[in-house]
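S.K.: So that you have it, the file is query.cif, and it contains mmCIF, C-alpha atoms and all ligand atoms:
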data_work
loop_
_atom_site.group_PDB
_atom_site.id
_atom_site.type_symbol
_atom_site.label_atom_id
_atom_site.label_comp_id
_atom_site.auth_asym_id
_atom_site.auth_seq_id
_atom_site.Cartn_x
_atom_site.Cartn_y
_atom_site.Cartn_z
ATOM 1 C CA MET A 1 92.241 165.167 118.288
ATOM 2 C CA PRO A 2 94.335 163.979 121.225
ATOM 3 C CA TYR A 3 96.471 166.543 122.991
ATOM 4 C CA ILE A 4 98.788 166.867 125.964
ATOM 5 C CA VAL A 5 99.031 169.278 128.866
ATOM 6 C CA ILE A 6 102.419 169.977 130.406
ATOM 7 C CA LYS A 7 102.346 170.936 134.070
ATOM 8 C CA GLU A 8 104.986 173.605 134.087
ATOM 9 C CA GLU A 9 105.381 173.560 137.861
ATOM 10 C CA ARG A 10 106.587 169.957 137.654
ATOM 11 C CA CYS A 11 108.841 170.286 134.606
ATOM 12 C CA LYS A 12 112.604 170.478 135.147
ATOM 13 C CA GLY A 13 113.479 170.956 131.482
ATOM 14 C CA CYS A 14 115.378 167.674 131.120
ATOM 15 C CA GLY A 15 114.230 167.260 127.530
ATOM 16 C CA LEU A 16 113.449 163.533 127.664
ATOM 17 C CA CYS A 17 109.943 164.101 126.375
ATOM 18 C CA THR A 18 111.299 165.866 123.304
ATOM 19 C CA ILE A 19 113.162 162.674 122.447
ATOM 20 C CA GLY A 20 110.139 160.530 123.172
ATOM 21 C CA CYS A 21 107.666 162.123 120.800
ATOM 22 C CA PRO A 22 107.872 160.394 117.411
ATOM 23 C CA ARG A 23 106.214 163.404 115.782
ATOM 24 C CA LYS A 24 108.476 166.004 117.381
ATOM 25 C CA LEU A 25 105.575 167.917 118.875
ATOM 26 C CA VAL A 26 107.337 168.673 122.147
ATOM 27 C CA SER A 27 110.263 171.053 122.441
ATOM 28 C CA LEU A 28 111.956 173.052 125.155
ATOM 29 C CA SER A 29 111.177 176.722 125.522
ATOM 30 C CA GLU A 30 113.919 179.098 124.464
ATOM 31 C CA THR A 31 113.652 181.255 127.554
ATOM 32 C CA PRO A 32 113.730 180.048 131.167
ATOM 33 C CA ASN A 33 110.705 180.379 133.387
ATOM 34 C CA ALA A 34 110.656 182.052 136.801
ATOM 35 C CA LEU A 35 112.445 179.052 138.331
ATOM 36 C CA GLY A 36 115.158 179.057 135.696
ATOM 37 C CA TYR A 37 113.968 176.001 133.772
ATOM 38 C CA THR A 38 113.489 175.862 130.033
ATOM 39 C CA VAL A 39 110.264 173.931 130.282
ATOM 40 C CA ALA A 40 108.698 171.673 127.700
ATOM 41 C CA VAL A 41 106.261 173.198 125.234
ATOM 42 C CA PHE A 42 103.658 171.332 123.202
ATOM 43 C CA SER A 43 103.292 172.334 119.577
ATOM 44 C CA ASN A 44 99.798 171.196 118.735
ATOM 45 C CA GLN A 45 99.696 170.812 114.998
ATOM 46 C CA GLY A 46 96.775 168.447 114.965
ATOM 47 C CA GLN A 47 99.244 165.607 114.727
ATOM 48 C CA CYS A 48 99.233 164.234 118.249
ATOM 49 C CA THR A 49 98.213 160.584 118.257
ATOM 50 C CA GLY A 50 97.800 160.292 122.016
ATOM 51 C CA CYS A 51 100.460 157.591 122.059
ATOM 52 C CA CYS A 52 101.642 158.673 125.547
ATOM 53 C CA LEU A 53 105.326 158.151 124.750
ATOM 54 C CA CYS A 54 106.151 161.688 125.886
ATOM 55 C CA ALA A 55 104.374 161.158 129.189
ATOM 56 C CA GLU A 56 106.059 157.800 129.730
ATOM 57 C CA MET A 57 109.477 159.411 129.255
ATOM 58 C CA CYS A 58 108.899 162.096 131.872
ATOM 59 C CA PRO A 59 110.499 161.260 135.222
ATOM 60 C CA ASP A 60 108.521 164.022 136.916
ATOM 61 C CA VAL A 61 105.056 162.993 135.706
ATOM 62 C CA ALA A 62 104.583 166.446 134.241
ATOM 63 C CA ILE A 63 102.664 165.436 131.122
ATOM 64 C CA ALA A 64 99.006 164.468 130.936
ATOM 65 C CA VAL A 65 97.618 163.012 127.713
ATOM 66 C CA PHE A 66 94.010 163.563 126.731
ATOM 67 C CA LYS A 67 92.192 161.645 124.064
ATOM 68 C CA GLU A 68 89.168 163.062 122.359
ATOM 69 C CA ASP A 69 86.973 160.085 123.078
ATOM 70 C CA GLN A 70 87.634 160.402 126.805
ATOM 71 C CA ALA A 71 86.404 163.995 127.059
HETATM 72 S S1 LIG B 101 101.083 161.735 123.006
HETATM 73 FE FE1 LIG B 101 102.525 160.897 121.470
HETATM 74 S S2 LIG B 101 102.223 162.125 119.621
HETATM 75 FE FE2 LIG B 101 101.263 163.239 121.326
HETATM 76 S S3 LIG B 101 102.850 164.692 121.990
HETATM 77 FE FE3 LIG B 101 103.032 162.820 123.253
HETATM 78 S S4 LIG B 101 104.555 161.514 122.205
HETATM 79 FE FE4 LIG B 101 103.882 163.106 120.766
HETATM 80 S S1 LIG B 102 110.469 164.913 130.405
HETATM 81 FE FE1 LIG B 102 109.131 165.947 131.926
HETATM 82 S S2 LIG B 102 110.557 167.152 133.189
HETATM 83 FE FE2 LIG B 102 111.650 166.566 131.328
HETATM 84 S S3 LIG B 102 111.361 168.335 129.925
HETATM 85 FE FE3 LIG B 102 109.727 166.835 129.492
HETATM 86 S S4 LIG B 102 107.965 167.487 130.758
HETATM 87 FE FE4 LIG B 102 109.794 168.495 131.562
#
So that I can check it, write out the structure of this file as structure tokens.
Ligand code: SF4
Ligand code: SF4
M.R.:
Amino acid sequence: MPYIVIKEERCKGCGLCTIGCPRKLVSLSETPNALGYTVAVFSNQGQCTGCCLCAEMCPDVAIAVFKEDQA
């Protein structure tokens, strides 16, 4: 199955990716990280289609999308 990796060091917690995912697989963490950001978290429920909409929404290029057939 496709999946995403969120580079926490790039994430500013803006939340745009949470809006972008049509399957609601990305949310913001409830507690801030060491830099004070509530970073994006991927909930992999085997439902990611690899559509890349979350990554395209991110202004900080913090999301990488991986597709099974590219491994
Ligand atoms: S690649 Fe598509 S389905 Fe997967 S988390 Fe991103 S927006 Fe959601
Ligand atoms: S859009 Fe990018 S910077 Fe904003 S919360 Fe999502 S991963 Fe973080």
S.K.: Quick one: everything within 7 Å of segment 5-16 of chain A, counting all atoms listed in the file, minus sequence neighbours fewer than 5 positions away in the same chain. Send it as a PyMOL selection string.
M.R.: chain A and resi 28+37-40+57-58+60+62-65
S.K.: Select, from A:Phe66, A:Cys21, A:Phe42, A:Glu30, the residue with the minimum atom-to-atom distance to Cys54 of chain A, counting all atoms listed in the file.
M.R.: A:Cys21
S.K.: Exactly which residues make up the result of the PyMOL selection byres (((chain A and resi 43) around 9) and not hetatm) on this file, given as a PDB file with C-alpha atoms, in the frame of the given file?
M.R.:
ATOM      1  CA  LYS A  24     108.476 166.004 117.381  1.00  0.00           C
ATOM      2  CA  LEU A  25     105.575 167.917 118.875  1.00  0.00           C
ATOM      3  CA  VAL A  26     107.337 168.673 122.147  1.00  0.00           C
ATOM      4  CA  SER A  27     110.263 171.053 122.441  1.00  0.00           C
ATOM      5  CA  VAL A  41     106.261 173.198 125.234  1.00  0.00           C
ATOM      6  CA  PHE A  42     103.658 171.332 123.202  1.00  0.00           C
ATOM      7  CA  ASN A  44      99.798 171.196 118.735  1.00  0.00           C
ATOM      8  CA  GLN A  45      99.696 170.812 114.998  1.00  0.00           C
ATOM      9  CA  GLY A  46      96.775 168.447 114.965  1.00  0.00           C
TER      10      GLY A  46
END
S.K.: Report as a list in words all protein, DNA and RNA residues lying within 9 Å of Met1 of chain A, evaluated on only C-alpha atoms, omitting residues in the same chain fewer than 2 positions from it.
M.R.: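 So, after excluding close chain neighbours, the residues are Tyr3, Gly46, Gln47, Cys48, Thr49, Gly50, Phe66, Lys67, Glu68 and Asp69 of chain A.
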S.K.: Taking into account only C-alpha atoms, which residue in the set A:Ile4, A:Cys17, A:Thr31, A:Gly36 is nearest to Leu53 of chain A?
M.R.: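 Between A:Ile4, A:Cys17, A:Thr31, A:Gly36, the residue approaching Leu53 of chain A most closely is A:Cys17.
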S.K.: Of the candidates A:Ala34, A:Val61, A:Cys51, A:Ile19, which one gets nearest to ligand LIG 101 (chain B) if we count all atoms listed in the file?
M.R.: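 Checking each candidate against ligand LIG 101 (chain B), we get A:Cys51 as the closest.
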S.K.: Go through A:Pro2, A:Pro22, A:Pro59, A:Pro32 one by one, measure the shortest atom-to-atom distance of each to ligand LIG 102 (chain B) using only C-alpha atoms and all ligand atoms, and give the residue with the smallest value.
M.R.: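 Result for the nearest residue to ligand LIG 102 (chain B): A:Pro59.
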S.K.: If I take atom FE3 of ligand LIG 101 (chain B) and atom CA of Ser29 of chain A, how far is one from the other in Å, to one decimal?
M.R.: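 Distance reported for this atom pair: 16.3 Å.
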S.K.: Take atom S1 of ligand LIG 102 (chain B) and atom CA of Leu35 of chain A and report the distance between them in Å, one decimal.
M.R.: 16.3 Å
S.K.: Can you tell me how far atom S3 of ligand LIG 101 (chain B) sits from atom CA of Asn33 of chain A, in Å to one decimal?
M.R.: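 If I compute the distance from atom S3 of ligand LIG 101 (chain B) to atom CA of Asn33 of chain A, I get 20.9 Å.
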S.K.: Enclose the full set of atoms of ligand LIG 101 (chain B) listed in the file within a box whose edges lie along x, y and z, apply 5 Å of padding to each of the six sides, and report centre and edge lengths in Å to one decimal as JSON.
M.R.:
{"center_x": 102.8, "center_y": 162.8, "center_z": 121.4, "size_x": 13.5, "size_y": 13.8, "size_z": 13.6}
S.K.: Write a file for chain A, containing C-alpha atoms (output as a short mmCIF file (atom, residue, chain, number, x, y, z; two decimals), in the first residue's frame).
M.R.:
data_model
loop_
_atom_site.label_atom_id
_atom_site.label_comp_id
_atom_site.auth_asym_id
_atom_site.auth_seq_id
_atom_site.Cartn_x
_atom_site.Cartn_y
_atom_site.Cartn_z
CA MET A 1 0.00 0.00 0.00
CA PRO A 2 1.13 3.58 -0.55
CA TYR A 3 2.17 5.57 2.49
CA ILE A 4 3.58 8.95 3.42
CA VAL A 5 6.46 10.09 5.59
CA ILE A 6 6.24 13.45 7.34
CA LYS A 7 9.57 15.14 7.99
CA GLU A 8 8.92 16.54 11.41
CA GLU A 9 11.86 18.93 11.28
CA ARG A 10 10.23 20.72 8.34
CA CYS A 11 6.65 20.77 9.62
CA LYS A 12 5.29 24.00 11.09
CA GLY A 13 1.91 22.57 12.06
CA CYS A 14 -0.12 24.75 9.68
CA GLY A 15 -2.65 21.98 9.11
CA LEU A 16 -3.04 22.42 5.34
CA CYS A 17 -2.25 18.78 4.72
CA THR A 18 -5.07 17.71 7.03
CA ILE A 19 -7.47 19.57 4.75
CA GLY A 20 -5.88 18.12 1.65
CA CYS A 21 -6.26 14.44 2.41
CA PRO A 22 -9.60 13.21 1.07
CA ARG A 23 -9.43 10.21 3.40
CA LYS A 24 -8.59 12.20 6.53
CA LEU A 25 -5.45 10.20 7.21
CA VAL A 26 -3.40 13.19 8.34
CA SER A 27 -4.04 15.05 11.57
CA LEU A 28 -2.13 17.35 13.87
CA SER A 29 -0.56 15.97 17.00
CA GLU A 30 -2.23 16.95 20.25
CA THR A 31 1.00 17.85 21.99
CA PRO A 32 3.69 20.21 20.67
CA ASN A 33 7.12 18.93 19.78
CA ALA A 34 10.40 20.31 21.13
CA LEU A 35 10.08 23.36 18.86
CA GLY A 36 6.54 24.08 19.97
CA TYR A 37 4.78 22.88 16.81
CA THR A 38 1.86 20.50 16.74
CA VAL A 39 3.21 18.58 13.79
CA ALA A 40 1.28 16.52 11.29
CA VAL A 41 0.79 12.83 12.00
CA PHE A 42 -0.07 10.14 9.47
CA SER A 43 -2.67 7.61 10.50
CA ASN A 44 -1.92 4.67 8.26
CA GLN A 45 -5.09 2.65 8.09
CA GLY A 46 -4.23 0.93 4.86
CA GLN A 47 -6.33 3.51 3.08
CA CYS A 48 -3.71 5.79 1.58
CA THR A 49 -4.08 5.94 -2.19
CA GLY A 50 -0.80 7.74 -2.83
CA CYS A 51 -2.73 10.59 -4.42
CA CYS A 52 -0.14 13.15 -3.21
CA LEU A 53 -2.75 15.78 -2.36
CA CYS A 54 -1.36 16.13 1.17
CA ALA A 55 2.15 16.66 -0.15
CA GLU A 56 0.97 19.18 -2.73
CA MET A 57 -0.74 21.21 0.00
CA CYS A 58 2.38 21.47 2.15
CA PRO A 59 4.19 24.80 1.73
CA ASP A 60 7.24 23.42 3.52
CA VAL A 61 7.70 20.27 1.42
CA ALA A 62 7.53 18.19 4.56
CA ILE A 63 5.63 15.23 3.14
CA ALA A 64 7.06 12.47 0.96
CA VAL A 65 4.70 9.99 -0.69
CA PHE A 66 5.80 6.44 -1.39
CA LYS A 67 4.01 4.04 -3.65
CA GLU A 68 4.42 0.33 -3.29
CA ASP A 69 5.39 -0.24 -6.88
CA GLN A 70 8.26 2.24 -6.58
CA ALA A 71 9.94 0.45 -3.67
#
